[in-house]
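Asker: For reference, the structure I am asking about is given below.
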Amino acid sequence: MRIGVMGGTFDPIHLGHLVTAEAVRHRFGLQQVVFVPTGRPPHKRGNDVSSAEHRYVMTFLAVLSNPEFGVSRIEIDRLGYSYTFDTMLALGEMYGPDCELYFITGADVMRDIHTWHRAPELLTLCHFVAASRPDYTLCERFRQGGHIHLVEVPAMAISSTDLRRRVRAGEPIRYLVPEAVENYIYEHRLYLNGAR
Ligand code: ATP
Ligand code: MG
C-alpha cells in the first residue's frame, strides 16, 4: 500500500494543493492522499494563523467529495509544536510495515527541508516528493541525501497568503478555492482583518 501525506497550514486550502496532490497520487499510484493540517506550525510561530478548527473544517470540505483524499487531525490534536518527523513516525505505525509513505511538498518547502527537526532521519522514514510550484525552482540538488522525487505538476500560481490578501481587499477567490471553502470563509468572516 502507498499513502501520500500532504502537510500544510491550509489557511485556507486551495486548488494548488488539490491539483498537486492529485498529480502526485496518479504519478506514484497512491491509494490515498491524507491532508494533515498543522497544529502550531513551528516555522510560522510569530504569525497569527487561523484557528486549527477553521483550517481543519476547510480542508475537510475541500476533500469531502473525493474518496481518494482524506484529512487527519493528528497534528491538530497533538499538544505543542508539530514536527513532521513525529507525524510520519505515528502514521507509519498506524498504517503498518507494508505501507510506503510519500510525503508531498511544494518546491518552496523542499528547499528548507534540511533545516527541519531530525531531518536526516526523516528522510529515511518515507519517500519525499517535491512538486513544482510557480516562482520556485525544483533543484536537482534536492535529490541528495534521501529518496526524493521531483515531479512537475500543472502550474497553479495560487498561495494562501494571496488568498487572505484577496479576501481583505474584497477581490474574488472564486475558482481558486473549492466552492464550499469559499462559502465557509465568507460565512465565518475569515481573513477580513489582522496582519495575516
Ligand atoms: P502560505 O502562503 O500561507 O504559506 P501556501 O499556499 O504556501 O500558504 P501551505 O499550507 O503553506 O500553502 O502549503 C502546504 C504545502 O503545499 C507546501 O508543501 C507547499 O509547498 C504546497 N503548495 C502550496 N501551494 C502550492 C501550489 N500552488 N503549487 C504546488 N504546491 C503548493
Ligand atoms: Mg506556504
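For the C-alpha cells, the naming scheme is as follows: chains receive sequential letters (A, B, ...) according to their order of presentation, residues are indexed from 1 within each chain, and ligands are indexed from 1 in presentation order.
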Using only C-alpha atoms and all ligand atoms, find each protein or nucleic acid residue lying at most 12 Å from ligand 2; present the set as a VMD selection string.

Answerer: chain A and resid 7 to 14 16 to 17 37 to 38 41 43 to 44 49 105 to 112 133 136 158 to 163

Asker: Taking into account only C-alpha atoms and all ligand atoms, which residue in the set A:His149, A:Arg118, A:His127, A:Arg55 is nearest to ligand 1?

Answerer: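 That would be A:Arg55, the residue with the smallest distance to ligand 1.
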
Asker: May I ask which of the residues A:Gly29, A:Pro154, A:Gly170, A:Gly70 is the closest one to ligand 1, counting only C-alpha atoms and all ligand atoms?

Answerer: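 Looking at the shortest contact to ligand 1, the residue is A:Pro154.
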
Asker: Would you return as a PyMOL selection string the members of range 1-165 of chain A that DSSP assigns to alpha helix (DSSP H) on this structure's backbone?

Answerer: chain A and resi 15-28+52-63+84-95+107-111+119-125+160-165

Asker: Calculated over only C-alpha atoms, which of the candidates A:Arg168, A:Leu79, A:Met58, A:Arg174 has the smallest distance to Arg189 in chain A?

Answerer: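 Once distances to Arg189 in chain A are computed over only C-alpha atoms, the minimum belongs to A:Arg168.
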
Asker: Would you list the contacts of Val63 in chain A as a ChimeraX atom specification, taking every protein, DNA or RNA residue within 9 Å and counting only C-alpha atoms, but skipping same-chain residues closer than 6 positions in sequence?

Answerer: /A:18,35,69-71

Asker: Just list as an mmCIF file with N, CA and C atoms, in the first residue's frame whatever in range 8-192 of chain A DSSP marks as strand (DSSP E).

Answerer:
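Output saved as selection_22.cif:
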data_model
loop_
_atom_site.group_PDB
_atom_site.id
_atom_site.type_symbol
_atom_site.label_atom_id
_atom_site.label_comp_id
_atom_site.auth_asym_id
_atom_site.auth_seq_id
_atom_site.Cartn_x
_atom_site.Cartn_y
_atom_site.Cartn_z
ATOM 1 N N GLY A 8 0.453 20.866 5.703
ATOM 2 C CA GLY A 8 0.375 22.282 5.356
ATOM 3 C C GLY A 8 -0.396 23.053 6.406
ATOM 4 N N GLN A 32 -4.272 6.613 -1.383
ATOM 5 C CA GLN A 32 -4.898 7.715 -0.655
ATOM 6 C C GLN A 32 -3.908 8.860 -0.532
ATOM 7 N N VAL A 33 -4.419 10.069 -0.500
ATOM 8 C CA VAL A 33 -3.587 11.185 -0.034
ATOM 9 C C VAL A 33 -4.280 11.764 1.196
ATOM 10 N N VAL A 34 -3.535 11.795 2.276
ATOM 11 C CA VAL A 34 -4.066 12.325 3.530
ATOM 12 C C VAL A 34 -3.519 13.740 3.728
ATOM 13 N N PHE A 35 -4.404 14.694 3.867
ATOM 14 C CA PHE A 35 -4.010 16.077 4.144
ATOM 15 C C PHE A 35 -3.903 16.234 5.657
ATOM 16 N N VAL A 36 -2.789 16.802 6.100
ATOM 17 C CA VAL A 36 -2.546 16.934 7.541
ATOM 18 C C VAL A 36 -2.355 18.413 7.892
ATOM 19 N N PRO A 37 -3.436 19.084 8.305
ATOM 20 C CA PRO A 37 -3.273 20.482 8.728
ATOM 21 C C PRO A 37 -2.398 20.545 9.986
ATOM 22 N N PHE A 69 -8.996 11.105 -1.304
ATOM 23 C CA PHE A 69 -8.393 12.121 -0.435
ATOM 24 C C PHE A 69 -9.016 12.014 0.954
ATOM 25 N N GLY A 70 -8.202 12.296 1.960
ATOM 26 C CA GLY A 70 -8.713 12.298 3.322
ATOM 27 C C GLY A 70 -8.032 13.404 4.112
ATOM 28 N N VAL A 71 -8.466 13.580 5.361
ATOM 29 C CA VAL A 71 -7.852 14.600 6.213
ATOM 30 C C VAL A 71 -7.604 13.992 7.582
ATOM 31 N N GLU A 100 4.008 2.112 2.290
ATOM 32 C CA GLU A 100 5.046 3.092 1.977
ATOM 33 C C GLU A 100 4.430 4.477 2.033
ATOM 34 N N LEU A 101 5.064 5.363 2.768
ATOM 35 C CA LEU A 101 4.539 6.725 2.877
ATOM 36 C C LEU A 101 5.278 7.669 1.931
ATOM 37 N N TYR A 102 4.531 8.541 1.299
ATOM 38 C CA TYR A 102 5.081 9.561 0.401
ATOM 39 C C TYR A 102 4.717 10.933 0.962
ATOM 40 N N PHE A 103 5.715 11.657 1.427
ATOM 41 C CA PHE A 103 5.440 12.998 1.944
ATOM 42 C C PHE A 103 5.534 14.000 0.789
ATOM 43 N N ILE A 104 4.446 14.718 0.564
ATOM 44 C CA ILE A 104 4.346 15.598 -0.613
ATOM 45 C C ILE A 104 4.535 17.054 -0.191
ATOM 46 N N THR A 105 5.456 17.742 -0.843
ATOM 47 C CA THR A 105 5.641 19.172 -0.573
ATOM 48 C C THR A 105 5.799 19.927 -1.883
ATOM 49 N N GLY A 106 5.622 21.214 -1.816
ATOM 50 C CA GLY A 106 5.954 22.074 -2.945
ATOM 51 C C GLY A 106 7.441 22.383 -2.928
ATOM 52 N N HIS A 127 9.306 8.281 1.524
ATOM 53 C CA HIS A 127 9.662 8.935 0.265
ATOM 54 C C HIS A 127 9.301 10.411 0.388
ATOM 55 N N PHE A 128 10.048 11.228 -0.339
ATOM 56 C CA PHE A 128 9.724 12.645 -0.410
ATOM 57 C C PHE A 128 9.429 13.014 -1.840
ATOM 58 N N VAL A 129 8.355 13.765 -2.035
ATOM 59 C CA VAL A 129 8.024 14.226 -3.378
ATOM 60 C C VAL A 129 8.058 15.752 -3.355
ATOM 61 N N ALA A 130 8.933 16.305 -4.172
ATOM 62 C CA ALA A 130 8.993 17.758 -4.323
ATOM 63 C C ALA A 130 8.247 18.112 -5.599
ATOM 64 N N ALA A 131 7.133 18.789 -5.468
ATOM 65 C CA ALA A 131 6.317 19.161 -6.627
ATOM 66 C C ALA A 131 6.703 20.567 -7.088
ATOM 67 N N ILE A 148 14.257 11.302 -2.713
ATOM 68 C CA ILE A 148 13.453 12.471 -3.034
ATOM 69 C C ILE A 148 13.119 12.443 -4.518
ATOM 70 N N HIS A 149 11.858 12.523 -4.818
ATOM 71 C CA HIS A 149 11.402 12.511 -6.209
ATOM 72 C C HIS A 149 10.980 13.919 -6.603
ATOM 73 N N LEU A 150 11.375 14.332 -7.789
ATOM 74 C CA LEU A 150 10.949 15.642 -8.291
ATOM 75 C C LEU A 150 9.837 15.429 -9.303
ATOM 76 N N VAL A 151 8.737 16.122 -9.148
ATOM 77 C CA VAL A 151 7.582 15.920 -10.027
ATOM 78 C C VAL A 151 7.065 17.262 -10.543
#

Asker: Counting only C-alpha atoms, which of A:Asp135, A:Val57, A:Leu125, A:Val153 gets nearest to Cys99 in chain A?

Answerer: A:Leu125

Asker: So, with only C-alpha atoms as the atoms that count, which of A:Ile113, A:Ala119, A:Met88, A:Ile74 lies closest to Val5 in chain A?

Answerer: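 Counting only C-alpha atoms, the residue closest to Val5 in chain A is A:Met88.
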